[in-house]
>>> print(open('coords34.txt').read())   # compact mmCIF, C-alpha atoms and all ligand atoms
# COMPACT_ATOMS: atom_id res chain seq x y z
CA MET A 1 28.74 -25.60 -91.11
CA ILE A 2 28.32 -27.98 -94.03
CA LYS A 3 31.71 -29.48 -94.89
CA LYS A 4 30.90 -31.96 -97.59
CA LEU A 5 28.08 -32.85 -99.96
CA VAL A 6 27.94 -36.00 -102.06
CA LEU A 7 25.17 -36.49 -104.60
CA LYS A 8 24.38 -39.68 -106.47
CA ASN A 9 21.84 -39.55 -109.30
CA PHE A 10 20.42 -36.27 -108.04
CA ARG A 11 18.83 -34.52 -111.05
CA ASN A 12 21.67 -34.05 -113.60
CA HIS A 13 24.41 -35.00 -111.10
CA GLU A 14 25.30 -38.65 -111.63
CA PHE A 15 28.02 -38.30 -109.02
CA ILE A 16 29.44 -35.15 -107.49
CA GLU A 17 31.43 -34.48 -104.33
CA LEU A 18 31.74 -30.91 -103.09
CA LYS A 19 33.86 -29.71 -100.18
CA PHE A 20 32.91 -26.43 -98.52
CA GLU A 21 35.90 -24.74 -96.92
CA LYS A 22 34.75 -21.18 -96.22
CA PRO A 23 31.54 -19.87 -94.68
CA PHE A 24 30.69 -18.09 -97.93
CA VAL A 25 30.49 -20.42 -100.92
CA TYR A 26 29.65 -19.16 -104.37
CA ILE A 27 28.60 -21.73 -106.94
CA HIS A 28 28.70 -20.67 -110.52
CA GLY A 29 28.47 -22.30 -113.90
CA ILE A 30 26.55 -22.04 -117.13
CA ASN A 31 22.79 -22.48 -117.35
CA GLY A 32 21.82 -26.06 -116.73
CA SER A 33 25.10 -27.03 -115.01
CA GLY A 34 23.15 -27.98 -111.89
CA LYS A 35 23.71 -25.04 -109.52
CA THR A 36 20.11 -24.92 -108.31
CA SER A 37 20.13 -28.69 -107.98
CA VAL A 38 23.02 -28.51 -105.51
CA LEU A 39 21.10 -26.05 -103.31
CA GLU A 40 17.91 -28.07 -103.78
CA SER A 41 19.65 -31.22 -102.53
CA ILE A 42 20.73 -29.44 -99.33
CA TYR A 43 17.21 -28.10 -98.84
CA PHE A 44 15.87 -31.62 -99.37
CA CYS A 45 18.28 -32.97 -96.78
CA ALA A 46 16.95 -30.49 -94.24
CA THR A 47 13.23 -30.66 -94.98
CA THR A 48 12.78 -33.86 -97.06
CA LYS A 49 11.00 -31.63 -99.58
CA SER A 50 12.03 -29.98 -102.81
CA HIS A 51 11.46 -26.25 -103.12
CA ARG A 52 10.58 -26.56 -106.79
CA THR A 53 8.61 -29.75 -107.29
CA ALA A 54 6.00 -31.77 -105.46
CA ASP A 55 6.78 -34.73 -107.73
CA GLU A 56 9.85 -36.19 -106.07
CA LYS A 57 10.53 -38.63 -108.92
CA GLU A 58 11.86 -35.61 -110.80
CA LEU A 59 14.80 -35.49 -108.39
CA ILE A 60 16.12 -38.86 -109.54
CA LEU A 61 18.44 -38.82 -112.54
CA ARG A 62 16.42 -40.03 -115.51
CA ASN A 63 16.41 -43.83 -115.94
CA GLU A 64 18.05 -44.46 -112.55
CA PRO A 65 16.27 -46.32 -109.72
CA PHE A 66 17.28 -44.07 -106.80
CA MET A 67 19.06 -40.92 -105.70
CA GLN A 68 21.19 -40.36 -102.63
CA ILE A 69 22.33 -37.27 -100.74
CA LYS A 70 25.13 -37.51 -98.18
CA LEU A 71 25.86 -34.38 -96.26
CA THR A 72 28.45 -33.84 -93.56
CA THR A 73 28.46 -30.90 -91.13
CA ASP A 74 30.96 -30.21 -88.32
CA GLU A 75 28.74 -32.28 -86.07
CA ASP A 76 26.57 -34.70 -88.01
CA ARG A 77 26.29 -36.97 -91.02
CA TYR A 78 23.00 -36.94 -92.90
CA ASP A 79 22.06 -39.55 -95.44
CA ILE A 80 18.87 -39.67 -97.45
CA VAL A 81 17.90 -42.07 -100.21
CA LEU A 82 14.87 -41.68 -102.43
CA SER A 83 13.55 -44.45 -104.67
CA LYS A 84 10.18 -45.59 -105.90
CA ASN A 85 9.77 -47.35 -102.54
CA GLY A 86 9.93 -44.04 -100.68
CA LYS A 87 12.51 -42.24 -98.54
CA ARG A 88 15.04 -43.59 -96.08
CA ALA A 89 16.76 -41.04 -93.90
CA SER A 90 19.44 -41.37 -91.27
CA ILE A 91 21.52 -39.15 -89.04
CA ASN A 92 24.94 -40.41 -87.96
CA GLY A 93 24.06 -43.88 -89.25
CA VAL A 94 20.84 -44.13 -87.20
CA GLU A 95 17.76 -44.52 -89.35
CA LYS A 96 14.94 -42.09 -88.56
CA ARG A 97 11.77 -44.03 -89.20
CA LYS A 98 9.60 -41.03 -88.48
CA ILE A 99 10.40 -38.26 -90.94
CA SER A 100 9.44 -35.72 -88.23
CA ASP A 101 12.52 -36.92 -86.29
CA PHE A 102 14.71 -36.09 -89.29
CA ILE A 103 13.24 -32.70 -90.19
CA GLY A 104 14.61 -29.72 -88.28
CA HIS A 105 18.04 -31.15 -87.42
CA LEU A 106 19.88 -29.44 -90.22
CA ARG A 107 18.58 -25.89 -90.26
CA VAL A 108 18.41 -24.09 -93.58
CA VAL A 109 16.71 -21.00 -94.91
CA MET A 110 16.39 -20.83 -98.65
CA PHE A 111 15.59 -18.06 -101.05
CA ALA A 112 14.65 -19.26 -104.53
CA PRO A 113 12.87 -17.48 -107.39
CA GLU A 114 9.86 -19.74 -106.69
CA ASP A 115 9.51 -17.96 -103.33
CA LEU A 116 8.04 -14.97 -105.14
CA ASP A 117 4.88 -17.09 -104.97
CA LEU A 118 4.71 -15.94 -101.36
CA ILE A 119 3.50 -12.69 -102.87
CA LYS A 120 2.20 -13.61 -106.31
CA GLY A 121 1.03 -17.18 -105.79
CA SER A 122 -2.03 -18.82 -104.32
CA PRO A 123 -3.02 -18.98 -100.62
CA SER A 124 -1.82 -22.59 -100.52
CA ASN A 125 1.75 -21.39 -101.30
CA ARG A 126 1.59 -19.05 -98.33
CA ARG A 127 0.06 -21.66 -95.99
CA GLN A 128 2.79 -24.06 -97.01
CA PHE A 129 5.40 -21.49 -96.00
CA LEU A 130 3.75 -20.91 -92.61
CA ASP A 131 3.40 -24.60 -91.95
CA LEU A 132 6.78 -25.81 -93.14
CA GLU A 133 8.75 -23.11 -91.36
CA TRP A 134 6.81 -23.02 -88.11
CA MET A 135 6.56 -26.78 -87.70
CA GLN A 136 10.35 -26.98 -87.77
CA LEU A 137 10.52 -24.55 -84.87
CA ASN A 138 7.53 -25.74 -82.95
CA LYS A 139 6.76 -29.43 -82.46
CA ASN A 140 3.40 -28.55 -80.93
CA TYR A 141 2.41 -26.85 -84.16
CA LEU A 142 3.47 -29.93 -86.13
CA LYS A 143 1.36 -32.13 -83.85
CA ASN A 144 -1.73 -29.93 -84.18
CA LEU A 145 -1.26 -29.65 -87.91
CA ASN A 146 -1.13 -33.41 -88.32
CA THR A 147 -4.19 -33.90 -86.10
CA TYR A 148 -6.06 -31.18 -87.98
CA LYS A 149 -5.28 -32.75 -91.37
CA ASN A 150 -6.39 -36.22 -90.21
CA VAL A 151 -9.62 -35.03 -88.62
CA LEU A 152 -10.42 -32.80 -91.60
CA LYS A 153 -10.03 -35.79 -93.90
CA GLN A 154 -12.37 -37.88 -91.74
CA ARG A 155 -14.90 -35.07 -91.47
CA ASN A 156 -14.88 -34.45 -95.22
CA SER A 157 -15.38 -38.13 -95.99
CA LEU A 158 -18.30 -38.22 -93.51
CA LEU A 159 -19.79 -35.12 -95.16
CA LYS A 160 -19.92 -37.04 -98.42
CA LYS A 161 -21.98 -39.79 -96.81
CA ILE A 162 -24.56 -38.13 -94.58
CA GLY A 163 -27.69 -36.16 -95.41
CA VAL A 164 -29.01 -32.97 -93.78
CA ASP A 165 -31.69 -34.89 -91.88
CA ASP A 166 -29.31 -37.50 -90.45
CA ASP A 167 -27.98 -37.60 -86.90
CA TYR A 168 -25.06 -35.13 -86.41
CA THR A 169 -23.52 -36.81 -83.33
CA PHE A 170 -20.38 -38.13 -85.04
CA LEU A 171 -20.07 -35.01 -87.18
CA ASN A 172 -20.12 -32.88 -84.04
CA ILE A 173 -17.50 -35.05 -82.31
CA LEU A 174 -15.22 -34.57 -85.31
CA GLY A 175 -16.10 -30.85 -85.26
CA GLU A 176 -14.92 -30.60 -81.65
CA GLN A 177 -11.66 -32.38 -82.46
CA LEU A 178 -11.18 -30.14 -85.48
CA PHE A 179 -11.76 -27.05 -83.37
CA GLU A 180 -9.31 -28.21 -80.71
CA ALA A 181 -6.43 -28.57 -83.20
CA GLY A 182 -7.59 -25.71 -85.45
CA SER A 183 -7.83 -23.09 -82.69
CA GLU A 184 -4.24 -23.94 -81.67
CA ILE A 185 -3.14 -23.54 -85.29
CA ILE A 186 -4.76 -20.08 -85.48
CA LYS A 187 -3.05 -18.99 -82.22
CA GLU A 188 0.31 -20.32 -83.40
CA ARG A 189 0.05 -18.62 -86.77
CA ILE A 190 -0.70 -15.28 -85.08
CA LEU A 191 2.40 -15.77 -82.94
CA PHE A 192 4.64 -16.80 -85.84
CA ILE A 193 3.59 -13.82 -87.95
CA GLU A 194 4.02 -11.42 -85.02
CA GLU A 195 7.56 -12.68 -84.45
CA LEU A 196 8.44 -12.58 -88.14
CA ASN A 197 7.13 -9.02 -88.39
CA ARG A 198 9.34 -7.94 -85.53
CA TYR A 199 12.46 -8.97 -87.50
CA LEU A 200 11.12 -7.85 -90.86
CA GLU A 201 10.67 -4.35 -89.42
CA GLU A 202 14.39 -4.35 -88.52
CA ILE A 203 15.67 -5.83 -91.76
CA TYR A 204 13.65 -4.28 -94.57
CA PRO A 205 14.73 -0.66 -93.80
CA LEU A 206 18.32 -1.75 -94.47
CA PHE A 207 17.35 -1.98 -98.14
CA SER A 208 14.56 0.50 -98.67
CA ASN A 209 12.47 3.35 -97.21
CA HIS A 210 9.18 1.61 -97.91
CA LYS A 211 7.19 0.03 -95.10
CA VAL A 212 6.35 -3.65 -95.20
CA LYS A 213 4.37 -5.86 -92.87
CA ILE A 214 2.86 -9.34 -93.02
CA ILE A 215 -0.88 -9.31 -92.46
CA TYR A 216 -2.47 -12.55 -91.36
CA GLU A 217 -5.88 -13.20 -92.88
CA PRO A 218 -7.42 -16.12 -91.04
CA ASP A 219 -10.44 -17.59 -92.78
CA VAL A 220 -12.21 -17.37 -89.40
CA ASN A 221 -11.08 -16.40 -85.93
CA GLU A 222 -11.32 -18.89 -83.06
CA LYS A 223 -14.81 -17.85 -82.02
CA GLY A 224 -16.08 -17.83 -85.58
CA PHE A 225 -14.62 -21.29 -86.17
CA LYS A 226 -16.39 -22.72 -83.13
CA ASN A 227 -19.67 -21.16 -84.22
CA TYR A 228 -19.22 -22.43 -87.71
CA LEU A 229 -18.64 -26.03 -86.65
CA GLN A 230 -21.58 -25.95 -84.23
CA LYS A 231 -24.10 -24.16 -86.41
CA GLN A 232 -23.26 -24.50 -90.09
CA GLN A 233 -23.24 -28.28 -90.44
CA LYS A 234 -26.01 -28.18 -93.06
CA GLN A 235 -23.97 -26.01 -95.38
CA ASP A 236 -20.98 -28.36 -95.16
CA ILE A 237 -23.26 -31.37 -95.77
CA LEU A 238 -24.71 -29.73 -98.88
CA TYR A 239 -21.24 -28.89 -100.24
CA GLN A 240 -19.83 -32.21 -98.95
CA THR A 241 -16.75 -30.51 -97.54
CA THR A 242 -15.61 -28.32 -94.63
CA LEU A 243 -15.94 -24.86 -96.10
CA SER A 244 -14.33 -22.88 -93.31
CA GLY A 245 -11.27 -23.16 -91.08
CA PRO A 246 -7.50 -22.66 -90.92
CA HIS A 247 -7.09 -24.85 -94.03
CA ARG A 248 -8.36 -21.76 -95.90
CA ASP A 249 -6.14 -19.18 -94.14
CA ASP A 250 -3.99 -16.72 -96.00
CA PHE A 251 -1.69 -13.74 -95.47
CA TYR A 252 -0.55 -10.85 -97.60
CA ILE A 253 2.33 -8.42 -97.50
CA ASP A 254 1.32 -4.87 -96.83
CA PHE A 255 3.56 -2.53 -98.84
CA ASN A 256 3.05 1.12 -97.83
CA GLY A 257 -0.58 0.38 -97.02
CA PHE A 258 -1.32 -1.70 -100.12
CA ASP A 259 -1.03 -5.34 -101.10
CA ALA A 260 2.51 -5.91 -102.42
CA LYS A 261 1.08 -8.30 -105.01
CA SER A 262 -0.30 -5.43 -107.08
CA TYR A 263 1.69 -2.43 -105.82
CA ALA A 264 5.32 -3.52 -105.48
CA SER A 265 7.57 -3.81 -108.56
CA GLN A 266 9.28 -7.08 -109.53
CA GLY A 267 12.54 -6.02 -107.87
CA GLU A 268 10.73 -4.74 -104.78
CA GLN A 269 8.82 -8.00 -104.48
CA ARG A 270 12.09 -9.90 -104.65
CA LEU A 271 13.59 -7.69 -101.98
CA ILE A 272 10.56 -8.17 -99.72
CA VAL A 273 10.84 -11.94 -99.99
CA VAL A 274 14.60 -11.85 -99.40
CA ALA A 275 14.03 -9.67 -96.30
CA LEU A 276 11.33 -12.09 -95.15
CA LYS A 277 13.82 -14.96 -95.42
CA LEU A 278 16.45 -13.00 -93.49
CA ALA A 279 13.81 -12.30 -90.83
CA LEU A 280 13.10 -16.03 -90.69
CA LEU A 281 16.80 -16.70 -90.24
CA LYS A 282 16.89 -14.30 -87.28
CA LEU A 283 13.88 -16.00 -85.77
CA ILE A 284 15.43 -19.45 -86.11
CA GLU A 285 18.61 -18.10 -84.56
CA LYS A 286 16.58 -16.86 -81.58
CA LYS A 287 14.55 -20.06 -81.15
CA THR A 288 17.37 -22.54 -81.56
CA SER A 289 21.00 -22.25 -80.71
CA LYS A 290 21.86 -23.92 -84.01
CA GLN A 291 23.77 -22.43 -86.86
CA VAL A 292 21.63 -21.92 -89.94
CA VAL A 293 22.71 -22.43 -93.52
CA LEU A 294 21.45 -19.78 -95.89
CA LEU A 295 20.81 -21.04 -99.42
CA LEU A 296 20.46 -18.31 -102.02
CA ASP A 297 19.36 -19.39 -105.46
CA ASP A 298 19.77 -16.73 -108.09
CA VAL A 299 19.01 -14.02 -105.55
CA LEU A 300 20.67 -11.07 -107.24
CA SER A 301 18.80 -11.01 -110.53
CA GLU A 302 16.25 -8.22 -110.91
CA LEU A 303 17.97 -6.20 -108.15
CA ASP A 304 19.69 -3.02 -109.31
CA LEU A 305 23.42 -2.65 -108.63
CA GLU A 306 22.89 -0.55 -105.51
CA LYS A 307 20.50 -3.13 -104.04
CA GLN A 308 22.85 -5.98 -104.95
CA GLU A 309 25.66 -4.27 -103.05
CA LEU A 310 23.42 -3.49 -100.07
CA PHE A 311 22.24 -7.07 -100.02
CA LEU A 312 25.77 -8.53 -100.10
CA LYS A 313 26.85 -6.05 -97.40
CA HIS A 314 24.04 -6.99 -95.05
CA LEU A 315 24.30 -10.75 -95.41
CA PRO A 316 24.62 -12.30 -91.96
CA LYS A 317 28.23 -13.05 -91.01
CA GLU A 318 27.45 -15.68 -88.37
CA HIS A 319 25.96 -18.23 -90.75
CA GLN A 320 27.21 -20.29 -93.66
CA ILE A 321 25.97 -18.96 -96.98
CA LEU A 322 25.77 -20.95 -100.17
CA MET A 323 24.87 -18.82 -103.12
CA ASN A 324 24.68 -19.50 -106.82
CA SER A 325 24.65 -17.49 -109.99
CA ALA A 326 25.53 -17.78 -113.63
CA LEU A 327 28.03 -14.91 -113.07
CA PRO A 328 31.31 -15.24 -111.18
CA VAL A 329 32.01 -12.89 -108.22
CA GLN A 330 35.30 -12.13 -106.46
CA GLY A 331 36.57 -11.86 -102.91
CA ASP A 332 39.16 -13.52 -100.68
CA HIS A 333 36.51 -14.57 -98.16
CA ILE A 334 34.55 -16.39 -100.88
CA GLN A 335 35.08 -19.99 -101.95
CA MET A 336 34.29 -20.33 -105.63
CA ILE A 337 32.95 -23.60 -106.98
CA HIS A 338 32.69 -23.90 -110.70
CA LEU A 339 30.21 -26.49 -111.99
CA LYS A 340 30.59 -27.96 -115.42
CA LYS A 341 27.64 -29.20 -117.37
CA GLU A 342 27.66 -32.99 -116.99
CA ILE A 343 24.85 -34.17 -119.24
N1 LIG B 401 15.77 -35.97 -113.13
C1 LIG B 401 16.65 -35.40 -113.97
N2 LIG B 401 17.48 -36.17 -114.71
C2 LIG B 401 18.38 -35.59 -115.55
N3 LIG B 401 18.51 -34.26 -115.72
C3 LIG B 401 17.69 -33.47 -115.02
C4 LIG B 401 16.73 -33.97 -114.11
N4 LIG B 401 16.07 -32.93 -113.56
C5 LIG B 401 16.60 -31.82 -114.10
N5 LIG B 401 17.57 -32.12 -114.99
C6 LIG B 401 18.44 -31.19 -115.73
O1 LIG B 401 19.44 -30.76 -114.86
C7 LIG B 401 19.98 -29.55 -115.33
C8 LIG B 401 20.37 -28.70 -114.15
O2 LIG B 401 19.30 -27.92 -113.69
P1 LIG B 401 19.52 -26.73 -112.65
O3 LIG B 401 18.23 -26.00 -112.56
O4 LIG B 401 20.09 -27.26 -111.39
O5 LIG B 401 20.63 -25.85 -113.39
P2 LIG B 401 21.22 -24.41 -113.05
O6 LIG B 401 22.71 -24.53 -113.18
O7 LIG B 401 20.70 -23.90 -111.77
O8 LIG B 401 20.64 -23.57 -114.27
P3 LIG B 401 20.27 -22.00 -114.44
O9 LIG B 401 21.56 -21.23 -114.44
O10 LIG B 401 19.62 -21.98 -115.77
O11 LIG B 401 19.35 -21.62 -113.33
C9 LIG B 401 18.97 -28.97 -116.31
O12 LIG B 401 19.52 -29.05 -117.62
C10 LIG B 401 17.77 -29.91 -116.17
O13 LIG B 401 17.08 -30.08 -117.38
>>> encode(input="coords34.txt", output="structure tokens")
Amino acid sequence: MIKKLVLKNFRNHEFIELKFEKPFVYIHGINGSGKTSVLESIYFCATTKSHRTADEKELILRNEPFMQIKLTTDEDRYDIVLSKNGKRASINGVEKRKISDFIGHLRVVMFAPEDLDLIKGSPSNRRQFLDLEWMQLNKNYLKNLNTYKNVLKQRNSLLKKIGVDDDYTFLNILGEQLFEAGSEIIKERILFIEELNRYLEEIYPLFSNHKVKIIYEPDVNEKGFKNYLQKQQKQDILYQTTLSGPHRDDFYIDFNGFDAKSYASQGEQRLIVVALKLALLKLIEKKTSKQVVLLLDDVLSELDLEKQELFLKHLPKEHQILMNSALPVQGDHIQMIHLKKEI
């Protein structure tokens, strides 16, 4: 359980210290008081990524040289500093030079309005979800993903230099390496989606009678990928890039036999994504013995009252939940934190 969070120069928070005393913490305050930023800082501490920006400079309070997040759980102390020189991260005072040694220690699952991009957004949003979540649970996946990215980069830069009549020896060596890592990625993604579906099938009926399922859409299957790399070199040379492979994979959510993107309502889409996140939480619980922190950013909006109640009723009891909203809620088991607008 997270006990304490200290932020320095994180977005609008010049300095804030929050103590979490109950497993269910509800952060409220007016628009712009920094509620999302608090959840974002915890997410950043777990993943070293922001859920809402790829430009990390945005996280540093304007005109300040750095930001710092200090987070204390029952067991560990996490410290991460971000400046224009990059990130420095440590656990219990020991610096983790490799970010992969830092990621995955503190386990969080976040729902944020941006997650609706899992349905509405581009394939890259969905691949990012697969990769970020699965690499935290599976070091082998992280290794293959890194290898794949490196080899793909090398292969694409070679494709810019050679002509169709040149010797393909080096291109084929890179093709073999790409296949080796890529075929593992395809297998792992099938496995991840199968496992997620198992929990989604349990969770979604708690909220609705509709049927939902994640459908993996690999750009090519393993066999097709091998064939492609062995036989379609000319096409890649002409286009100067690798046109096929897991870097073009996608998935969609099947909603009663149709793509949720065009058939599910706004509220239904939100509910699907929330259920997907709860399924992920179950999966993490199964794979690791660690407690997971559930971060819920503005989760209730667009849900009707009945769905809001169902959602609150079915929230997992075994995990710490940090939730925010512009509206206050009540309950003895809830710790309320009221944020005031600082800037
Ligand atoms: N780098 C930064 N420096 C200073 N202020 C920032 C920075 N980044 C964001 N802000 C401001 O911080 C404020 C807090 O944003 P945040 O999204 O956390 O608020 P919120 O309480 O979740 O709001 P809402 O209820 O509208 O969702 C906003 O006014 C935003 O403009």
>>> residues_around(input="coords34.txt", residues="Leu280 of chain A", least_positions_apart="6", cutoff="8 Å", atoms="all atoms listed in the file", output="count of residues only")
3
>>> residues_near_ligand(input="coords34.txt", ligand="ligand LIG 401 (chain B)", cutoff="8 Å", atoms="only C-alpha atoms and all ligand atoms", output="MDAnalysis selection string")
chainID A and resid 9:13 28:38 40 57:63 297:298 324:326 339 341 343
>>> closest_residue(input="coords34.txt", among="A:Lys8, A:Phe111, A:Asp236, A:Val164", to="Arg52 of chain A", atoms="all atoms listed in the file")
A:Phe111
>>> atom_distance(input="coords34.txt", atom1="atom CA of Thr241 of chain A", atom2="atom CA of Phe192 of chain A")
28.0 Å
>>> atom_distance(input="coords34.txt", atom1="atom CA of Asn144 of chain A", atom2="atom CA of Gly245 of chain A")
13.6 Å
>>> closest_residue(input="coords34.txt", among="A:Leu132, A:Leu283, A:Leu39, A:Leu116", to="Glu194 of chain A", atoms="only C-alpha atoms")
A:Leu283
>>> atom_distance(input="coords34.txt", atom1="atom CA of Asp117 of chain A", atom2="atom CA of Asp259 of chain A")
13.7 Å
>>> residues_around(input="coords34.txt", residues="Leu206 of chain A", least_positions_apart="2", cutoff="8 Å", atoms="all atoms listed in the file", output="mmCIF file with C-alpha atoms, in the frame of the given file")
data_model
loop_
_atom_site.group_PDB
_atom_site.id
_atom_site.type_symbol
_atom_site.label_atom_id
_atom_site.label_comp_id
_atom_site.auth_asym_id
_atom_site.auth_seq_id
_atom_site.Cartn_x
_atom_site.Cartn_y
_atom_site.Cartn_z
ATOM 1 C CA GLU A 202 14.390 -4.350 -88.520
ATOM 2 C CA ILE A 203 15.670 -5.830 -91.760
ATOM 3 C CA TYR A 204 13.650 -4.280 -94.570
ATOM 4 C CA SER A 208 14.560 0.500 -98.670
ATOM 5 C CA LEU A 310 23.420 -3.490 -100.070
ATOM 6 C CA HIS A 314 24.040 -6.990 -95.050
#
>>> closest_atom_pairs(input="coords34.txt", of="segment 46-161 of chain A", to="segment 165-177 of chain A", cutoff="10 Å", atoms="only C-alpha atoms", output="tab-separated table")
residue	atom	partner	partner_atom	distance
A:Thr147	CA	A:Gln177	CA	8.4
A:Tyr148	CA	A:Gln177	CA	8.0
A:Val151	CA	A:Leu174	CA	6.5
A:Leu152	CA	A:Leu174	CA	8.1
A:Gln154	CA	A:Leu174	CA	7.8
A:Arg155	CA	A:Leu174	CA	6.2
A:Asn156	CA	A:Leu171	CA	9.6
A:Leu158	CA	A:Leu171	CA	7.3
A:Leu159	CA	A:Leu171	CA	8.0
A:Lys161	CA	A:Asp166	CA	10.0
>>> residues_around(input="coords34.txt", residues="Ile99 of chain A", least_positions_apart="4", cutoff="8 Å", atoms="all atoms listed in the file", output="PyMOL selection string")
chain A and resi 48+89+103
>>> closest_residue(input="coords34.txt", among="A:Leu106, A:Val274, A:Cys45, A:Ala260", to="Ser301 of chain A", atoms="all atoms listed in the file")
A:Val274
>>> closest_residue(input="coords34.txt", among="A:Phe251, A:Asn138, A:Leu178, A:Phe15", to="Gln230 of chain A", atoms="only C-alpha atoms")
A:Leu178
>>> closest_residue(input="coords34.txt", among="A:Met110, A:Ile190, A:Ile162, A:Ile237", to="Leu276 of chain A", atoms="only C-alpha atoms")
A:Met110
>>> closest_residue(input="coords34.txt", among="A:Lys149, A:Lys290, A:Lys22, A:Lys4", to="His105 of chain A", atoms="only C-alpha atoms")
A:Lys290
>>> axis_aligned_box(input="coords34.txt", around="segment 242-252 of chain A", padding_each_side="5 Å", output="JSON")
{"center_x": -8.2, "center_y": -19.6, "center_z": -94.3, "size_x": 25.4, "size_y": 27.5, "size_z": 16.7}
>>> residues_around(input="coords34.txt", residues="Gly267 of chain A", least_positions_apart="2", cutoff="9 Å", atoms="only C-alpha atoms", output="ChimeraX atom specification")
/A:264-265,269-272,301-304
>>> residues_around(input="coords34.txt", residues="Met323 of chain A", least_positions_apart="5", cutoff="8 Å", atoms="all atoms listed in the file", output="list in words")
Phe24, Val25, Tyr26, Ile27, Leu295, Leu296, Asp297, Asp298 and Val299 of chain A
